[in-house]
Structure formats: C-alpha cells, structure tokens
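Here the structure comes first, spelled out in structure tokens, and everything after it is commentary.
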Amino acid sequence: MPRYLVFHKAHKVFDTQDSWVEDWKGLRDRATGEGGGPQWMRSWFAPSDSELICQWEAPDASGIPRCFTQEELQMAPIVRVQEVAFLDASWLV
Amino acid sequence: MPHLFPSESWLKALEAALNGDARYAEVARNWEGDLLFVVEGEREENAGDGTVIYYLDLWHGNCRQAVDYSSASGELPKATFSLRSNRAQFLGILTGELDPVQAMLTRRLRVEGNLAYMLRNVPVVLDFVRCARQVPIAE
C-alpha cells in the first residue's frame with residue numbers, strides 16, 4: 001500500500017482533553033484501512049510551526065481528505081500530501 | 001537516594017531536579033502555569049479518600065513552590081492545570097514505560113486546564129517529564 005505524509009497547518013488546537021481524544025478517535029474510526037481504504041497510522045505535532053505531520057497508507061492520495069470532517073479541515077487544513085518511501089535505521093544493524 | 005512515590009521527599013526531589021536543570025530552565029523559560037498533581041486513592045492515613053495532591057508552581061523555568069496539600073484542610077490553590085491519575089499510571093510515566101502524550105491521548109492521565117496551551121508547549125511538558133524521570137524511585 002502506498003505511504004503518504006500529510007502536512008496540516010494547525011490553526012486551532014483542542015481546548016480540552018476530551019474534545020481532542022473524541023475527535024481523534026472519530027478520525028481513527030473513519031480511517032481504519034477497512035476495505036482497502038485509507039488508514040491513518042501515526043502523527044507528529046511540531047508546536048513551533050503549528051504543524052501536524054501524519055503518516056497514512058492509502059491506495060491513492062485522493063481518498064485521504066475525505067476521511068476528515070469539515071470542522072477538522074478548518075482547524076487544521078491540509079497543506080500538502082506527499083507520497084513517501086519508508087526507511088528504517090534498524091534495517092542497517 | 002531513591003524516593004517512595006508518592007511522598008513528600010519525592011516532591012522535594014522533583015523541585016530540586018527542576019530548579020537544578022539548565023535545559024529545563026531554557027526550554028520552559030516562557031512557561032506560566034502552576035499545576036496540581038493528583039494521585040488518586042493513595043495513603044490511607046490521609047483525610048478523605050486518600051488522594052495525594054501536590055501543588056507545583058511552575059513559572060518561567062523555575063519551580064517556585066512544591067507543596068503537599070494531601071492533608072491540608074483548607075482550599076486548594078486554583079491551578080492552571082491538574083494532572084490526575086492513579087499511582088500505577090504515574091509510575092509508568094515516571095519510569096519511562098508510558099509515554100506522557102500517549103497517557104493523555106488514552107486518558108490514562110487526565111488533564112484539566114487549557115489543553116491547547118499544553119500542546120503548544122509540548123516540549124516544556126516533555127522536558128518536565130524528563131526531569132521527573134531523573135528522580136530515582138524506590139521499589
């Protein structure tokens with residue numbers, strides 16, 4: 001399955017732990033990879049740039065934005081999506 | 001010297017660790033937020049339900065105060081944040097077995113307060129945890 005890095009600009013950050021957890025659980029449930037669809041794998045948050053960088057696996061990039069709600073895309077719009085290759089340092093041991 | 005967790009000696013060791021750490025002073029130089037550290041269901045001898053409550057006044061890279069409020073009968077300080085969990089989960093974070101962000105996202109550590117401020121300052125939070133992990137804990 002192709003891998004993608006999705007870069008978001010976080011215009012707004014969740015105010016409460018519950019709103020954060022519930023929203024992210026919702027996204028996880030919409031992006032499980034079931035039926036060969038997009039799967040959200042993991043994320044990194046860079047607070048210095050308010051940037052959220054997420055790793056996805058998906059048949060193609062076009063399905064990824066459809067996993068987000070409008071509110072999520074307003075809070076943290078997608079700036080760019082890049083297909084990437086995975087390399088693991090442990091492979092070199 | 002290892003400290004029991006939770007205990008007042010651990011709290012004082014944490015205060016010393018924070019105030020003696022140059023990296024924390026730098027990373028947290030803009031941080032303004034006191035916190036309550038609430039360890040649920042500990043210390044039978046305490047009044048009430050045995051909850052341990054520590055207050056940490058964290059201000060611009062310093063810990064200005066670290067006070068045990070577990071046995072205090074008066075009002076607790078109104079802190080910017082409270083971090084609440086049981087001893088096992090706190091120990092997981094303090095020993096490095098549990099990632100602090102994972103603890104928040106799985107609600108194993110419950111956070112009250114402005115989460116947006118905390119997430120925007122997540123390097124401060126992580127460096128606070130790094131300092132806390134330097135305090136040895138007795139088995």
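For the structure tokens, the naming scheme is as follows: chains receive sequential letters (A, B, ...) according to their order of presentation, residues are indexed from 1 within each chain, and ligands are indexed from 1 in presentation order.
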Taking a cut-off of 9 Å and counting only C-alpha atoms, can you build a table that, for each residue of range 59-87 of chain A near range 32-47 of chain A, reports the nearest atom pair and how far apart they are in Å (one decimal), sorted by chain then residue number, as a Markdown table?
```
| residue | atom | partner | partner_atom | distance |
| --- | --- | --- | --- | --- |
| A:Pro59 | CA | A:Gly37 | CA | 6.7 |
| A:Asp60 | CA | A:Pro38 | CA | 8.1 |
| A:Ala61 | CA | A:Pro38 | CA | 8.5 |
| A:Gly63 | CA | A:Pro38 | CA | 6.5 |
| A:Ile64 | CA | A:Pro38 | CA | 6.0 |
| A:Cys67 | CA | A:Pro38 | CA | 7.9 |
```
Could you give me the residues within range 43-124 of chain B that DSSP places in alpha helix (DSSP H), as a ChimeraX atom specification? /B:87-95,100-105,115-120,122-124
Closest atom pairs, range 60-109 of chain B residues within 10 Å of range 28-32 of chain B, only C-alpha atoms, as JSON lines:
```
{"residue": "B:His60", "atom": "CA", "partner": "B:Arg29", "partner_atom": "CA", "distance": 4.2}
{"residue": "B:Gly61", "atom": "CA", "partner": "B:Ala28", "partner_atom": "CA", "distance": 4.4}
{"residue": "B:Asn62", "atom": "CA", "partner": "B:Ala28", "partner_atom": "CA", "distance": 8.0}
{"residue": "B:Thr80", "atom": "CA", "partner": "B:Glu32", "partner_atom": "CA", "distance": 8.7}
```
Kindly save the residues from that selection, with N, CA and C atoms included, as a PDB file, in the first residue's frame.
```pdb
ATOM      1  N   HIS B  60       8.298  30.280  34.367  1.00  0.00           N
ATOM      2  CA  HIS B  60       9.481  30.708  33.613  1.00  0.00           C
ATOM      3  C   HIS B  60      10.718  29.863  33.935  1.00  0.00           C
ATOM      4  N   GLY B  61      10.535  28.549  33.871  1.00  0.00           N
ATOM      5  CA  GLY B  61      11.683  27.654  34.019  1.00  0.00           C
ATOM      6  C   GLY B  61      12.077  27.350  35.446  1.00  0.00           C
ATOM      7  N   ASN B  62      11.306  27.874  36.395  1.00  0.00           N
ATOM      8  CA  ASN B  62      11.573  27.589  37.805  1.00  0.00           C
ATOM      9  C   ASN B  62      10.366  26.904  38.440  1.00  0.00           C
ATOM     10  N   THR B  80      -3.531  26.303  37.151  1.00  0.00           N
ATOM     11  CA  THR B  80      -3.816  26.372  35.714  1.00  0.00           C
ATOM     12  C   THR B  80      -4.150  24.990  35.156  1.00  0.00           C
TER      13      THR B  80
END
```
Please tabulate, as a Markdown table, the residues of chain B that come within 12 Å of chain A, each with its closest pair of atoms and the distance in Å to one decimal, counting only C-alpha atoms and ordering rows by chain, then residue number upward.
```
| residue | atom | partner | partner_atom | distance |
| --- | --- | --- | --- | --- |
| B:Phe81 | CA | A:Thr16 | CA | 11.1 |
| B:Ser82 | CA | A:Gln17 | CA | 11.6 |
| B:Leu83 | CA | A:Gln17 | CA | 11.1 |
| B:Val101 | CA | A:Phe45 | CA | 10.9 |
| B:Gln102 | CA | A:Val21 | CA | 10.7 |
| B:Ala103 | CA | A:Gln17 | CA | 11.1 |
| B:Met104 | CA | A:Gln17 | CA | 7.4 |
| B:Leu105 | CA | A:Val21 | CA | 5.8 |
| B:Thr106 | CA | A:Val21 | CA | 7.5 |
| B:Arg107 | CA | A:Val21 | CA | 8.0 |
| B:Arg108 | CA | A:Gln17 | CA | 11.3 |
| B:Leu109 | CA | A:Gln17 | CA | 9.8 |
| B:Arg110 | CA | A:Gln17 | CA | 7.5 |
| B:Val111 | CA | A:Gln17 | CA | 6.3 |
| B:Glu112 | CA | A:Thr16 | CA | 7.3 |
| B:Gly113 | CA | A:Thr16 | CA | 7.0 |
| B:Asn114 | CA | A:Asp15 | CA | 5.5 |
| B:Leu115 | CA | A:Asp15 | CA | 4.9 |
| B:Ala116 | CA | A:Asp15 | CA | 5.0 |
| B:Tyr117 | CA | A:Asp15 | CA | 8.0 |
| B:Met118 | CA | A:Asp15 | CA | 9.3 |
| B:Leu119 | CA | A:Pro47 | CA | 7.2 |
| B:Arg120 | CA | A:Pro47 | CA | 5.0 |
| B:Asn121 | CA | A:Pro47 | CA | 6.8 |
| B:Val122 | CA | A:Pro47 | CA | 7.1 |
| B:Pro123 | CA | A:Pro47 | CA | 8.2 |
| B:Val124 | CA | A:Pro47 | CA | 10.8 |
| B:Val125 | CA | A:Pro47 | CA | 11.9 |
```
Residues within 9 Å of Leu36 in chain B, please, as a VMD selection string. Count only C-alpha atoms; anything in the same chain fewer than 2 positions from it doesn't count. chain B and resid 34 38 53 to 57 76 to 84
Please produce an output containing N, CA and C atoms for each residue in the selection, written as a compact mmCIF listing (two decimals), in the first residue's frame.
```
# COMPACT_ATOMS: atom_id res chain seq x y z
N ASP B 34 0.90 26.93 36.89
CA ASP B 34 1.04 26.04 38.04
C ASP B 34 0.16 24.81 37.84
N VAL B 38 -2.39 15.08 41.03
CA VAL B 38 -3.36 14.38 41.88
C VAL B 38 -3.19 12.87 41.69
N ILE B 53 -2.28 15.03 46.83
CA ILE B 53 -2.34 16.22 45.99
C ILE B 53 -1.08 17.05 46.20
N TYR B 54 -0.35 17.20 45.11
CA TYR B 54 0.84 18.05 45.15
C TYR B 54 0.60 19.28 44.29
N TYR B 55 1.08 20.40 44.79
CA TYR B 55 0.97 21.65 44.03
C TYR B 55 2.37 22.07 43.59
N LEU B 56 2.50 22.34 42.30
CA LEU B 56 3.77 22.80 41.75
C LEU B 56 3.54 24.13 41.05
N ASP B 57 4.26 25.14 41.51
CA ASP B 57 4.15 26.47 40.91
C ASP B 57 5.30 26.62 39.90
N LEU B 76 -7.77 24.24 48.12
CA LEU B 76 -6.62 24.01 47.25
C LEU B 76 -6.37 25.26 46.41
N PRO B 77 -5.12 25.49 46.02
CA PRO B 77 -4.87 26.59 45.09
C PRO B 77 -5.59 26.34 43.76
N LYS B 78 -6.02 27.41 43.11
CA LYS B 78 -6.63 27.27 41.78
C LYS B 78 -5.50 27.21 40.76
N ALA B 79 -5.15 26.02 40.37
CA ALA B 79 -4.00 25.86 39.46
C ALA B 79 -4.45 25.95 38.01
N THR B 80 -3.53 26.30 37.15
CA THR B 80 -3.82 26.37 35.71
C THR B 80 -4.15 24.99 35.16
N PHE B 81 -3.44 23.98 35.68
CA PHE B 81 -3.65 22.61 35.19
C PHE B 81 -3.78 21.66 36.37
N SER B 82 -4.51 20.59 36.15
CA SER B 82 -4.39 19.48 37.08
C SER B 82 -4.15 18.21 36.27
N LEU B 83 -3.26 17.40 36.76
CA LEU B 83 -2.93 16.11 36.16
C LEU B 83 -3.36 15.05 37.16
N ARG B 84 -4.24 14.17 36.72
CA ARG B 84 -4.88 13.25 37.65
C ARG B 84 -4.77 11.82 37.13
```
Shell around Val52 in chain B at 7 Å using only C-alpha atoms, local window under 5 positions removed, as a PyMOL selection string: chain B and resi 38-40+42+70
Output file for the selection above: N, CA and C atoms, as a compact mmCIF listing (two decimals), in the first residue's frame:
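Produced file part_20.txt, reproduced below:
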```
# COMPACT_ATOMS: atom_id res chain seq x y z
N VAL B 38 -2.39 15.08 41.03
CA VAL B 38 -3.36 14.38 41.88
C VAL B 38 -3.19 12.87 41.69
N VAL B 39 -2.74 12.21 42.74
CA VAL B 39 -2.57 10.75 42.71
C VAL B 39 -3.74 10.15 43.49
N GLU B 40 -4.62 9.50 42.74
CA GLU B 40 -5.87 9.06 43.36
C GLU B 40 -5.69 7.81 44.20
N GLU B 42 -4.47 7.08 47.25
CA GLU B 42 -3.23 6.70 47.93
C GLU B 42 -3.32 7.08 49.40
N SER B 70 -2.04 17.16 50.49
CA SER B 70 -2.85 15.96 50.73
C SER B 70 -3.61 16.02 52.05
```
Using only C-alpha atoms, which residue out of A:Ala10, A:Leu27, A:Leu5, A:Ile53 lies closest to Val84 in chain A? A:Leu5
Residue nearest Thr95 in chain B - candidates B:Met1, B:Val27, B:Gln134, B:Gly41, atoms counted: only C-alpha atoms: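 Closest residue, counting only C-alpha atoms: B:Gln134.
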Write out as JSON, numbers by chain which residues come within 12 Å of Pro65 in chain A when counting only C-alpha atoms, dropping same-chain ones fewer than 3 positions away. {"A": [4, 6, 7, 8, 27, 30, 31, 37, 38, 39, 40, 56, 58, 60, 61, 62, 68, 69, 70, 72, 73, 74, 76, 77, 78, 79, 80, 81]}
Backbone-only DSSP, strand (DSSP E or B) members of chain A, as an NGL selection string: :A and (3-9 or 32 or 39-46 or 51-57 or 78-84)
Choose the residue, out of B:Asn86, B:Gly74, B:Cys63, B:Leu91, that has the smallest atom-to-atom separation from Ala13 in chain B; count only C-alpha atoms.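 Once distances to Ala13 in chain B are computed over only C-alpha atoms, the minimum belongs to B:Cys63.
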Distance criterion (only C-alpha atoms): nearest to Cys54 in chain A out of A:Gln82, A:Glu71, A:Asp29, A:Leu92: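 That would be A:Gln82, the residue with the smallest distance to Cys54 in chain A.
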Just give me the gap between CA of Glu75 in chain B and CA of Ala88 in chain B in Å, one decimal is fine.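 So the two atoms, CA of Glu75 in chain B and CA of Ala88 in chain B, lie 26.8 Å apart.
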Applying 10 Å and only C-alpha atoms, which residues near Pro2 in chain B remain after dropping the ones on its own chain fewer than 2 positions away? List them as an NGL selection string. :B and (4-5 or 9-10 or 13 or 135-139)
